[in-house]
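So this block is model-v1.csv, CSV, C-alpha atoms:
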```csv
chain,number,residue,atom,x,y,z
G,19,MET,CA,111.8,42.5,-1.8
G,20,VAL,CA,114.3,43.9,-4.3
G,21,SER,CA,113.6,41.1,-6.7
G,22,LEU,CA,109.9,41.6,-6.5
G,23,ASN,CA,110.4,45.3,-7.2
G,24,LEU,CA,112.4,44.4,-10.3
G,25,ASN,CA,109.7,42.1,-11.5
G,26,ALA,CA,107.1,44.9,-10.9
G,27,GLN,CA,109.2,47.3,-12.9
G,28,GLU,CA,109.3,44.9,-15.8
G,29,ALA,CA,105.5,44.5,-15.6
G,30,GLU,CA,105.1,48.2,-15.7
G,31,GLU,CA,107.2,48.7,-18.8
G,32,GLU,CA,105.3,46.0,-20.6
G,33,THR,CA,101.9,47.4,-19.9
G,34,THR,CA,102.3,51.2,-20.3
G,35,GLY,CA,102.3,50.8,-24.1
G,36,LYS,CA,99.1,48.9,-24.1
G,37,ILE,CA,95.5,50.2,-24.5
G,38,ASP,CA,93.9,48.2,-21.8
G,39,THR,CA,96.0,47.3,-18.7
G,40,LYS,CA,94.1,44.1,-18.0
G,41,THR,CA,94.8,42.5,-21.4
G,42,GLY,CA,98.4,43.6,-21.1
G,43,VAL,CA,98.7,41.9,-17.7
G,44,LYS,CA,97.1,38.8,-19.1
G,45,GLU,CA,99.4,38.6,-22.0
G,46,PHE,CA,102.4,39.2,-19.8
G,47,VAL,CA,101.4,36.5,-17.4
G,48,GLY,CA,100.7,34.0,-20.2
G,49,HIS,CA,104.0,34.8,-21.9
G,50,HIS,CA,105.9,34.3,-18.7
G,51,LEU,CA,104.4,31.0,-17.8
G,52,LYS,CA,105.0,29.4,-21.2
G,53,ASP,CA,108.2,27.9,-22.5
G,54,SER,CA,110.1,30.0,-24.9
G,55,HIS,CA,113.0,29.9,-27.3
G,56,TYR,CA,114.6,33.0,-25.9
G,57,PHE,CA,115.9,33.4,-22.4
G,58,THR,CA,114.5,36.9,-21.6
G,59,PHE,CA,116.0,38.7,-18.6
G,60,PHE,CA,113.9,41.8,-19.0
G,61,SER,CA,112.1,43.5,-21.8
G,62,ASP,CA,110.9,47.0,-22.7
G,63,GLY,CA,107.3,47.0,-23.9
G,64,GLU,CA,107.4,50.5,-25.4
G,65,LYS,CA,110.5,50.0,-27.5
G,66,GLY,CA,109.8,46.4,-28.2
G,67,GLU,CA,113.3,45.5,-27.0
G,68,HIS,CA,114.1,42.2,-25.2
G,69,TYR,CA,117.3,41.7,-23.3
G,70,GLY,CA,118.4,38.2,-22.9
G,71,ILE,CA,120.1,35.2,-24.5
G,72,PRO,CA,118.7,33.6,-27.7
G,73,LEU,CA,118.7,29.9,-27.4
G,74,PRO,CA,119.5,27.3,-30.2
G,75,VAL,CA,116.6,26.0,-32.2
G,76,ILE,CA,116.9,22.4,-33.2
G,77,ILE,CA,114.2,21.1,-35.4
G,78,TRP,CA,113.8,17.9,-37.5
G,79,ASP,CA,112.0,18.5,-40.7
G,80,GLY,CA,113.3,15.9,-43.2
G,81,GLY,CA,116.8,16.8,-42.0
G,82,LEU,CA,118.3,18.3,-38.9
G,83,LYS,CA,118.2,22.1,-38.9
G,84,VAL,CA,120.0,24.1,-36.2
G,85,PHE,CA,119.8,27.9,-35.9
G,86,SER,CA,119.7,30.6,-33.3
G,87,ALA,CA,116.4,31.9,-32.0
G,88,SER,CA,117.5,35.4,-32.6
G,89,LYS,CA,116.6,34.9,-36.2
G,90,PHE,CA,112.9,34.8,-35.2
G,91,HIS,CA,113.1,38.3,-33.7
G,92,HIS,CA,110.4,37.3,-31.2
G,93,GLY,CA,107.9,36.1,-33.6
G,94,GLU,CA,108.0,39.0,-36.1
G,95,GLU,CA,110.4,37.6,-38.7
G,96,LEU,CA,110.0,34.7,-41.0
G,97,VAL,CA,113.0,32.4,-41.1
G,98,GLU,CA,113.9,30.9,-44.4
G,99,LEU,CA,116.1,27.8,-44.4
G,100,ASP,CA,116.6,25.5,-47.5
G,101,GLY,CA,113.4,26.6,-49.0
G,102,ASN,CA,111.2,26.1,-45.9
G,103,TYR,CA,109.8,29.0,-44.0
G,104,TYR,CA,109.3,28.8,-40.3
G,105,LYS,CA,107.4,31.2,-38.1
G,106,LEU,CA,107.3,31.5,-34.4
G,107,TYR,CA,103.7,31.9,-33.1
G,108,HIS,CA,102.9,31.9,-29.4
G,109,SER,CA,106.2,30.1,-28.6
G,110,LYS,CA,105.6,27.3,-31.2
G,111,ILE,CA,107.3,26.9,-34.5
G,112,TYR,CA,105.1,26.4,-37.6
G,113,LYS,CA,105.9,25.7,-41.2
G,114,THR,CA,104.4,28.3,-43.5
G,115,GLY,CA,104.5,29.4,-47.2
G,116,PRO,CA,106.7,32.3,-48.4
G,117,GLU,CA,104.3,34.9,-47.1
G,118,GLY,CA,104.3,33.5,-43.6
G,119,ILE,CA,100.5,33.1,-43.2
G,120,ILE,CA,99.2,31.1,-40.3
G,121,GLU,CA,95.9,29.5,-41.1
G,122,TYR,CA,93.4,29.1,-38.3
G,123,GLY,CA,91.0,26.3,-37.9
G,124,GLU,CA,88.2,26.1,-35.4
G,125,ASN,CA,88.6,27.7,-32.0
G,126,HIS,CA,91.3,30.0,-33.5
G,127,PHE,CA,94.0,27.3,-33.3
G,128,PRO,CA,96.6,27.3,-36.1
G,129,THR,CA,96.4,24.4,-38.6
G,130,ASN,CA,99.8,24.8,-40.1
G,131,GLU,CA,102.2,21.9,-40.1
G,132,ARG,CA,104.8,21.8,-37.4
G,133,PRO,CA,108.3,20.3,-37.6
G,134,LEU,CA,109.6,18.1,-34.8
G,135,ASP,CA,111.0,20.5,-32.2
G,136,PHE,CA,114.0,19.4,-30.2
G,137,SER,CA,115.2,22.9,-29.4
G,138,ILE,CA,117.1,23.9,-26.3
G,139,THR,CA,114.3,26.1,-24.8
G,140,LYS,CA,114.2,28.0,-21.6
G,141,ASN,CA,112.9,25.0,-19.7
G,142,VAL,CA,115.5,22.7,-21.1
G,143,THR,CA,118.2,25.2,-20.1
G,144,ALA,CA,116.9,25.5,-16.6
G,145,MET,CA,116.7,21.7,-16.2
G,146,ILE,CA,120.3,21.3,-17.5
G,147,ILE,CA,121.5,24.0,-15.0
G,148,VAL,CA,119.6,22.4,-12.1
G,149,ALA,CA,121.0,18.9,-13.0
G,150,LEU,CA,124.6,20.3,-13.0
G,151,LEU,CA,123.9,22.0,-9.7
G,152,MET,CA,122.6,18.8,-8.2
G,153,PHE,CA,125.5,16.9,-9.5
G,154,LEU,CA,128.0,19.3,-7.9
G,155,MET,CA,126.1,19.4,-4.6
G,156,PHE,CA,125.9,15.7,-4.1
G,157,TRP,CA,129.3,14.9,-5.5
G,158,SER,CA,130.9,17.1,-2.9
G,159,TYR,CA,128.6,15.7,-0.3
G,160,ALA,CA,129.6,12.1,-1.1
G,161,LYS,CA,133.3,13.1,-1.2
G,162,ASN,CA,132.8,14.6,2.3
G,163,TYR,CA,132.1,11.2,3.8
G,164,GLN,CA,135.5,9.8,2.6
G,165,LYS,CA,137.4,12.0,5.0
G,166,ARG,CA,135.2,12.5,8.0
G,167,SER,CA,132.1,10.9,9.5
G,168,ILE,CA,130.1,14.2,9.9
G,169,PRO,CA,130.1,16.4,6.8
G,170,LYS,CA,131.4,20.0,6.8
G,171,GLY,CA,130.2,22.9,4.8
G,172,PHE,CA,127.1,23.0,2.5
G,173,SER,CA,126.6,19.2,2.9
G,174,ARG,CA,125.4,20.0,6.4
G,175,VAL,CA,122.3,21.4,4.7
G,176,LEU,CA,121.8,18.4,2.6
G,177,GLU,CA,122.3,15.7,5.2
G,178,PRO,CA,119.0,16.2,7.2
G,179,LEU,CA,117.0,16.2,4.0
G,180,VAL,CA,118.6,13.0,2.7
G,181,VAL,CA,118.3,11.3,6.1
G,182,TYR,CA,114.6,12.4,6.2
G,183,VAL,CA,113.9,10.9,2.7
G,184,ARG,CA,115.6,7.7,3.8
G,185,ASP,CA,114.0,7.3,7.3
G,186,GLU,CA,110.6,8.8,6.8
G,187,ILE,CA,109.8,8.2,3.1
G,188,ALA,CA,111.8,5.2,1.9
G,189,LYS,CA,112.1,2.9,4.8
G,190,PRO,CA,108.6,2.8,6.2
G,191,ASN,CA,107.0,2.6,2.7
G,192,ILE,CA,109.3,0.3,0.8
G,193,GLY,CA,110.5,-1.9,3.6
G,194,PRO,CA,113.7,-3.9,3.5
G,195,LYS,CA,114.5,-3.4,-0.1
G,196,TYR,CA,114.6,0.4,0.1
G,197,LYS,CA,118.2,0.8,-0.9
G,198,LYS,CA,117.6,0.0,-4.6
G,199,TYR,CA,115.2,2.9,-4.9
G,200,MET,CA,116.9,5.5,-2.8
G,201,SER,CA,118.7,7.1,-5.7
G,202,PHE,CA,115.5,7.5,-7.6
G,203,LEU,CA,113.6,9.0,-4.7
G,204,LEU,CA,116.4,11.4,-3.8
G,205,THR,CA,116.7,12.5,-7.4
G,206,VAL,CA,113.0,13.1,-7.7
G,207,PHE,CA,112.8,14.9,-4.4
G,208,PHE,CA,115.6,17.3,-5.0
G,209,PHE,CA,114.9,17.9,-8.7
G,210,ILE,CA,111.3,18.9,-8.0
G,211,LEU,CA,112.3,20.9,-4.9
G,212,ILE,CA,115.0,23.0,-6.7
G,213,LEU,CA,112.8,23.5,-9.8
G,214,ASN,CA,109.9,24.6,-7.6
G,215,LEU,CA,112.1,27.1,-5.8
G,216,VAL,CA,113.6,28.4,-9.0
G,217,GLY,CA,110.1,29.0,-10.3
G,218,LEU,CA,109.5,31.4,-7.4
G,219,THR,CA,112.3,33.7,-8.5
G,220,PRO,CA,111.5,36.6,-10.9
G,221,LEU,CA,113.4,35.0,-13.8
G,222,GLY,CA,110.2,33.6,-15.1
G,223,ILE,CA,111.4,30.0,-15.3
G,224,ASN,CA,108.3,27.9,-14.9
G,225,VAL,CA,109.5,24.3,-15.3
G,226,THR,CA,107.4,22.2,-13.0
G,227,GLY,CA,104.3,24.1,-14.0
G,228,ASN,CA,104.6,22.6,-17.4
G,229,ILE,CA,102.5,19.5,-17.9
G,230,ALA,CA,105.0,17.9,-20.3
G,231,ILE,CA,107.7,17.8,-17.6
G,232,THR,CA,105.5,16.5,-14.9
G,233,LEU,CA,104.3,13.9,-17.4
G,234,GLY,CA,107.9,12.8,-17.8
G,235,LEU,CA,108.4,12.5,-14.1
G,236,ALA,CA,105.2,10.6,-13.6
G,237,LEU,CA,106.0,8.3,-16.5
G,238,ILE,CA,109.4,7.4,-14.9
G,239,THR,CA,107.6,6.6,-11.7
G,240,PHE,CA,105.1,4.4,-13.6
G,241,ILE,CA,107.9,2.5,-15.4
G,242,ILE,CA,109.8,1.9,-12.2
G,243,VAL,CA,106.7,0.6,-10.4
G,244,GLN,CA,105.8,-1.7,-13.3
G,245,PHE,CA,109.2,-3.1,-13.7
G,246,SER,CA,109.7,-3.8,-10.0
G,247,GLY,CA,106.3,-5.4,-9.5
G,248,ASN,CA,106.5,-8.9,-8.2
G,249,LYS,CA,104.1,-11.8,-8.6
G,250,HIS,CA,101.9,-10.6,-5.7
G,251,TYR,CA,101.4,-7.2,-7.2
G,252,TRP,CA,100.3,-8.5,-10.6
G,253,LYS,CA,98.1,-11.1,-9.0
G,254,HIS,CA,96.4,-8.4,-7.0
G,255,ILE,CA,95.7,-6.4,-10.1
G,256,PHE,CA,94.4,-9.1,-12.4
G,257,TRP,CA,93.1,-11.8,-10.2
G,258,MET,CA,92.5,-10.5,-6.7
G,259,PRO,CA,92.9,-13.4,-4.2
G,260,GLY,CA,90.4,-13.9,-1.4
G,261,VAL,CA,87.2,-12.8,-3.2
G,262,PRO,CA,84.6,-14.9,-5.2
G,263,VAL,CA,85.1,-15.3,-8.9
G,264,PRO,CA,82.4,-12.8,-10.2
G,265,MET,CA,84.0,-10.1,-8.0
G,266,LYS,CA,87.4,-10.9,-9.4
G,267,ILE,CA,86.1,-10.2,-12.9
G,268,ILE,CA,84.6,-7.0,-11.9
G,269,LEU,CA,87.6,-5.9,-9.9
G,270,MET,CA,90.1,-6.4,-12.7
G,271,PRO,CA,89.3,-3.4,-14.9
G,272,ILE,CA,89.0,-1.2,-11.7
G,273,GLU,CA,92.4,-2.3,-10.6
G,274,VAL,CA,93.9,-1.7,-14.0
G,275,LEU,CA,92.4,1.7,-14.1
G,276,GLY,CA,93.7,2.4,-10.7
G,277,MET,CA,97.2,1.4,-11.9
G,278,LEU,CA,97.0,4.0,-14.6
G,279,THR,CA,95.3,6.7,-12.6
G,280,LYS,CA,97.9,6.9,-9.9
G,281,PRO,CA,100.8,8.3,-12.0
G,282,PHE,CA,98.2,10.4,-13.8
G,283,ALA,CA,97.2,12.0,-10.5
G,284,LEU,CA,100.9,12.5,-9.6
G,285,MET,CA,101.3,14.5,-12.9
G,286,ILE,CA,98.2,16.6,-12.5
G,287,ARG,CA,98.8,17.3,-8.8
G,288,LEU,CA,102.3,18.7,-9.3
G,289,PHE,CA,101.4,20.6,-12.5
G,290,ALA,CA,98.2,22.2,-11.2
G,291,ASN,CA,99.7,23.2,-7.8
G,292,MET,CA,102.7,24.9,-9.4
G,293,MET,CA,100.8,26.5,-12.3
G,294,ALA,CA,98.1,27.8,-10.0
G,295,GLY,CA,100.6,29.2,-7.6
G,296,HIS,CA,102.5,31.0,-10.4
G,297,VAL,CA,99.3,32.4,-12.0
G,298,VAL,CA,98.1,33.7,-8.7
G,299,VAL,CA,101.4,35.4,-7.8
G,300,MET,CA,101.7,37.0,-11.2
G,301,SER,CA,98.1,38.1,-11.4
G,302,LEU,CA,98.3,39.8,-8.0
G,303,LEU,CA,101.5,41.6,-9.2
G,304,GLY,CA,99.6,42.7,-12.3
G,305,LEU,CA,96.7,43.9,-10.2
G,306,ILE,CA,99.1,46.4,-8.6
G,307,PHE,CA,99.1,48.1,-11.9
G,308,VAL,CA,95.4,47.7,-12.8
G,309,PHE,CA,94.4,49.6,-9.7
G,310,GLN,CA,96.8,52.5,-9.7
G,311,ASN,CA,95.9,54.3,-6.5
G,312,TRP,CA,97.6,54.8,-3.2
G,313,ILE,CA,95.5,52.4,-1.1
G,314,ALA,CA,95.0,49.4,-3.3
G,315,SER,CA,98.5,49.0,-4.7
G,316,PRO,CA,100.4,48.7,-1.4
G,317,ALA,CA,97.7,46.3,-0.2
G,318,PHE,CA,98.2,44.1,-3.2
G,319,PHE,CA,101.9,44.3,-2.8
G,320,GLY,CA,101.6,43.0,0.7
G,321,PHE,CA,99.2,40.3,-0.4
G,322,THR,CA,101.6,39.2,-3.1
G,323,ILE,CA,104.3,38.8,-0.5
G,324,PHE,CA,102.0,36.7,1.7
G,325,ILE,CA,101.0,34.5,-1.2
G,326,SER,CA,104.7,34.0,-2.2
G,327,VAL,CA,105.5,32.8,1.3
G,328,ILE,CA,102.6,30.2,1.0
G,329,GLU,CA,104.1,29.3,-2.4
G,330,LEU,CA,107.4,28.5,-0.6
G,331,LEU,CA,105.6,26.1,1.6
G,332,VAL,CA,103.8,24.6,-1.4
G,333,ALA,CA,107.1,24.1,-3.2
G,334,PHE,CA,108.5,21.9,-0.4
G,335,LEU,CA,105.2,20.2,0.2
G,336,GLN,CA,104.7,19.2,-3.5
G,337,ALA,CA,108.2,17.8,-3.7
G,338,TYR,CA,107.6,15.8,-0.5
G,339,ILE,CA,104.2,14.5,-1.7
G,340,PHE,CA,105.5,13.4,-5.1
G,341,THR,CA,108.4,11.5,-3.5
G,342,LEU,CA,106.1,10.0,-0.8
G,343,LEU,CA,103.5,8.8,-3.2
G,344,SER,CA,106.2,7.4,-5.5
G,345,ALA,CA,107.7,5.5,-2.6
G,346,LEU,CA,104.2,4.3,-1.6
G,347,TYR,CA,103.5,2.9,-5.1
G,348,ILE,CA,106.9,1.2,-5.2
G,349,GLY,CA,106.3,-0.2,-1.8
G,350,MET,CA,103.0,-1.7,-2.9
G,351,ALA,CA,104.7,-3.2,-5.9
G,352,VAL,CA,107.5,-4.9,-4.0
G,353,GLU,CA,105.9,-6.0,-0.8
G,354,GLU,CA,105.9,-9.7,0.2
G,355,HIS,CA,102.5,-10.8,1.6
G,356,GLU,CA,102.3,-12.8,4.8
G,357,ASP,CA,98.5,-13.1,5.3
G,358,HIS,CA,96.2,-12.5,2.4
G,359,PRO,CA,92.7,-11.8,3.6
G,360,LYS,CA,93.6,-9.6,6.5
G,361,ASP,CA,95.7,-7.1,4.6
G,362,HIS,CA,93.0,-5.5,2.5
G,363,GLY,CA,91.5,-3.7,5.4
G,364,GLU,CA,94.2,-1.1,5.2
G,365,ASP,CA,94.4,-0.4,1.5
G,366,ILE,CA,96.0,2.9,0.5
G,367,PRO,CA,93.6,5.3,-1.3
G,368,VAL,CA,94.1,5.9,-5.0
G,369,ILE,CA,93.7,9.7,-5.1
N,244,MET,CA,82.2,30.8,-12.1
N,245,VAL,CA,79.7,29.0,-10.0
N,246,GLY,CA,81.7,25.8,-10.6
N,247,SER,CA,84.8,27.4,-9.1
N,248,GLY,CA,82.9,28.4,-6.0
N,249,LEU,CA,81.6,24.9,-5.6
N,250,ILE,CA,85.1,23.5,-5.9
N,251,VAL,CA,86.4,25.8,-3.2
N,252,ILE,CA,83.5,24.9,-1.0
N,253,GLY,CA,84.2,21.2,-1.4
N,254,ALA,CA,87.9,21.6,-0.7
N,255,GLY,CA,87.2,23.8,2.3
N,256,ILE,CA,84.8,21.3,3.8
N,257,GLY,CA,87.2,18.4,3.2
N,258,LEU,CA,90.2,20.2,4.7
N,259,GLY,CA,88.1,21.3,7.6
N,260,LYS,CA,87.0,17.8,8.4
N,261,ILE,CA,90.6,16.5,8.1
N,262,GLY,CA,91.8,19.3,10.4
N,263,GLY,CA,89.0,18.6,12.9
N,264,SER,CA,89.7,14.9,13.1
N,265,ALA,CA,93.4,15.5,13.4
N,266,MET,CA,92.8,17.9,16.4
N,267,ASP,CA,90.6,15.3,18.1
N,268,ALA,CA,93.2,12.6,17.6
N,269,ILE,CA,96.0,14.8,18.9
N,270,ALA,CA,93.9,15.7,21.9
N,271,ARG,CA,93.3,12.0,22.7
N,272,GLN,CA,97.0,11.0,22.3
N,273,PRO,CA,99.5,13.9,22.4
N,274,GLU,CA,102.5,11.7,22.0
N,275,ALA,CA,101.3,10.7,18.5
N,276,THR,CA,101.3,14.3,17.3
N,277,GLY,CA,104.1,13.9,14.8
N,278,LYS,CA,102.5,10.9,13.0
N,279,ILE,CA,99.1,12.6,13.0
N,280,GLN,CA,100.5,15.8,11.6
N,281,THR,CA,102.3,13.9,8.8
N,282,ALA,CA,99.2,12.0,7.8
N,283,MET,CA,97.2,15.2,7.9
N,284,ILE,CA,99.6,17.0,5.6
N,285,ILE,CA,99.5,14.1,3.1
N,286,ILE,CA,95.8,14.0,2.9
N,287,ALA,CA,95.6,17.8,2.6
N,288,ALA,CA,98.0,17.7,-0.4
N,289,LEU,CA,96.0,14.9,-2.0
N,290,LEU,CA,92.8,16.9,-1.6
N,291,GLU,CA,94.4,20.1,-2.9
N,292,GLY,CA,95.6,18.1,-5.9
N,293,ILE,CA,92.0,17.3,-6.9
N,294,ALA,CA,90.8,20.8,-6.1
N,295,PHE,CA,93.4,22.4,-8.3
N,296,ALA,CA,92.9,20.0,-11.1
N,297,ALA,CA,89.2,20.7,-11.1
N,298,LEU,CA,89.8,24.5,-10.9
N,299,PHE,CA,92.0,24.2,-14.0
N,300,ALA,CA,89.5,22.2,-15.9
N,301,SER,CA,86.7,24.6,-15.2
```
Take the structure from the file and write it as structure tokens.
Amino acid sequence: MVSLNLNAQEAEEETTGKIDTKTGVKEFVGHHLKDSHYFTFFSDGEKGEHYGIPLPVIIWDGGLKVFSASKFHHGEELVELDGNYYKLYHSKIYKTGPEGIIEYGENHFPTNERPLDFSITKNVTAMIIVALLMFLMFWSYAKNYQKRSIPKGFSRVLEPLVVYVRDEIAKPNIGPKYKKYMSFLLTVFFFILILNLVGLTPLGINVTGNIAITLGLALITFIIVQFSGNKHYWKHIFWMPGVPVPMKIILMPIEVLGMLTKPFALMIRLFANMMAGHVVVMSLLGLIFVFQNWIASPAFFGFTIFISVIELLVAFLQAYIFTLLSALYIGMAVEEHEDHPKDHGEDIPVI
Amino acid sequence: MVGSGLIVIGAGIGLGKIGGSAMDAIARQPEATGKIQTAMIIIAALLEGIAFAALFAS
């Protein structure tokens, strides 16, 4: 409750200086859901002040250049470094001339050149912190087992989840070789879960709602599945046994497409669910300020709380679904076939 | 706008059918409730995935 109030106060300060509350809310929501080079805790729209931590900007532009994001002054200043000028526009860095002009092409997209951006942005910071947190949690959990057979302390929270991933997700889907893949499945499950939960807090850290990050996770799943595919897996894709030859030729592109669509669907599913959830919650919060009367605002406030509780369920569910489907795909890649023609009655759906 | 409405209708009908079949199955065999619930949640998440992706693309 208190955290939602703080978030609401922040929204109010951002929008009182704007002409139209609706566009103010839209900009606020858009700004919070994007990655940024500055870790903002709260900002004052009227004074134009932002309170937070500027993060290092690391770009590759012929040579490695490192500087602090405070030089950008939130997109107002032009940074000059070794004769090149850089400007921050909508959270992206562009190379400009000395006047700092951004040229627009069609659809109002900037056409300036961009240096390779390896900065430590807000999302990268959040992922590093979560990785350290996970390392600490699981290291103490593993050490706990050296002294006693039932863990004590925080590890008691982790144990049912880990056992659930092993007994309900890994063992039934992968079969006897599940131990090799347990570390990957556990990592993916807890990483996505913690990042989803962090995204629900008012810090405005939206990591899993960023398609680049879900692309990375889906890519890792794809690589693991391909590298652990055995002969049966590849045979089923390229030369499906048990069907006449013309069908085999037709089935091959469909199977290859299916092989590529499955990680793609993983990526889109996680991204869309998280992004949609965050957009809905923030828009509802903004609606409290668009309708500024005594009946609508408390109603929207209650509605926001309700939607946030559903988002909590969705956070757990999406982590579970990603892990489950990864385990399913790995299981399909490593399974040993006993009878060929009978198995294809129970094929797993693609999407 | 009409597209978004159609997407929500599709998702609603799909989830309704899944829920309905799940209820029938649980009524027939109450001891399999756990497995049926798990399968229902999985299919619901898959369906929501498409629905959200389509909502975003529209």
Got a sec to pull out which chain G residues are within 10 Å of chain N, counting all atoms listed in the file, and send them as a PyMOL selection string?
chain G and resi 186+283-295+332+335-336+338-340+342-343+367-369
Pull C-alpha atoms from the residues just selected and write them as a PDB file, in the coordinates of the input.
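Now in selection.pdb:
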```
ATOM      1  CA  GLU G 186     110.600   8.800   6.800  1.00  0.00           C
ATOM      2  CA  ALA G 283      97.200  12.000 -10.500  1.00  0.00           C
ATOM      3  CA  LEU G 284     100.900  12.500  -9.600  1.00  0.00           C
ATOM      4  CA  MET G 285     101.300  14.500 -12.900  1.00  0.00           C
ATOM      5  CA  ILE G 286      98.200  16.600 -12.500  1.00  0.00           C
ATOM      6  CA  ARG G 287      98.800  17.300  -8.800  1.00  0.00           C
ATOM      7  CA  LEU G 288     102.300  18.700  -9.300  1.00  0.00           C
ATOM      8  CA  PHE G 289     101.400  20.600 -12.500  1.00  0.00           C
ATOM      9  CA  ALA G 290      98.200  22.200 -11.200  1.00  0.00           C
ATOM     10  CA  ASN G 291      99.700  23.200  -7.800  1.00  0.00           C
ATOM     11  CA  MET G 292     102.700  24.900  -9.400  1.00  0.00           C
ATOM     12  CA  MET G 293     100.800  26.500 -12.300  1.00  0.00           C
ATOM     13  CA  ALA G 294      98.100  27.800 -10.000  1.00  0.00           C
ATOM     14  CA  GLY G 295     100.600  29.200  -7.600  1.00  0.00           C
ATOM     15  CA  VAL G 332     103.800  24.600  -1.400  1.00  0.00           C
ATOM     16  CA  LEU G 335     105.200  20.200   0.200  1.00  0.00           C
ATOM     17  CA  GLN G 336     104.700  19.200  -3.500  1.00  0.00           C
ATOM     18  CA  TYR G 338     107.600  15.800  -0.500  1.00  0.00           C
ATOM     19  CA  ILE G 339     104.200  14.500  -1.700  1.00  0.00           C
ATOM     20  CA  PHE G 340     105.500  13.400  -5.100  1.00  0.00           C
ATOM     21  CA  LEU G 342     106.100  10.000  -0.800  1.00  0.00           C
ATOM     22  CA  LEU G 343     103.500   8.800  -3.200  1.00  0.00           C
ATOM     23  CA  PRO G 367      93.600   5.300  -1.300  1.00  0.00           C
ATOM     24  CA  VAL G 368      94.100   5.900  -5.000  1.00  0.00           C
ATOM     25  CA  ILE G 369      93.700   9.700  -5.100  1.00  0.00           C
TER      26      ILE G 369
END
```
Around the point (105.4, 10.1, 9.3) in the file's coordinates, collect all residues with an atom within 9 Å, using all atoms listed in the file, and return them as an NGL selection string.
(:G and (186-187 or 190)) or (:N and (277-282))
Can you pull out every residue within 12 Å of Gly115 (chain G), counting only C-alpha atoms, but drop anything in the same chain fewer than 6 positions away, and send it as a short mmCIF file (atom, residue, chain, number, x, y, z; two decimals) with C-alpha atoms, in the frame of the given file?
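Once everything was written out, this is part.cif:
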```cif
data_model
loop_
_atom_site.label_atom_id
_atom_site.label_comp_id
_atom_site.auth_asym_id
_atom_site.auth_seq_id
_atom_site.Cartn_x
_atom_site.Cartn_y
_atom_site.Cartn_z
CA LEU G 96 110.00 34.70 -41.00
CA VAL G 97 113.00 32.40 -41.10
CA GLU G 98 113.90 30.90 -44.40
CA GLY G 101 113.40 26.60 -49.00
CA ASN G 102 111.20 26.10 -45.90
CA TYR G 103 109.80 29.00 -44.00
CA TYR G 104 109.30 28.80 -40.30
CA LYS G 105 107.40 31.20 -38.10
CA GLU G 121 95.90 29.50 -41.10
CA ASN G 130 99.80 24.80 -40.10
CA GLU G 131 102.20 21.90 -40.10
#
```
Name the residues in contact with Ser344 (chain G) at a cut-off of 9 Å, using all atoms listed in the file, excluding same-chain residues fewer than 5 positions from it; report them as a list in words.
Leu203, Ala236, Thr239, Phe240, Val243, Pro281, Leu284, Ile339 and Gly349 of chain G
Nearest to Phe256 (chain G) among G:Ile268, G:Glu353, G:Tyr122, G:Pro74, with distances taken over all atoms listed in the file: which residue is it?
G:Ile268
Within 7 Å of Ile306 (chain G), counting all atoms listed in the file, which residues qualify if same-chain residues fewer than 4 places away don't, as a list in words?
Leu302, Gln310, Ser315, Phe318 and Phe319 of chain G
How many Å lie between CA of Ser137 (chain G) and CA of Ile77 (chain G), rounded to one decimal?
6.3 Å
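The shortest atom-to-atom distance to Lys113 (chain G), with all atoms listed in the file taken into account, belongs to G:Asp79 out of G:Phe208, G:Ala87, G:Leu330, G:Asp79.
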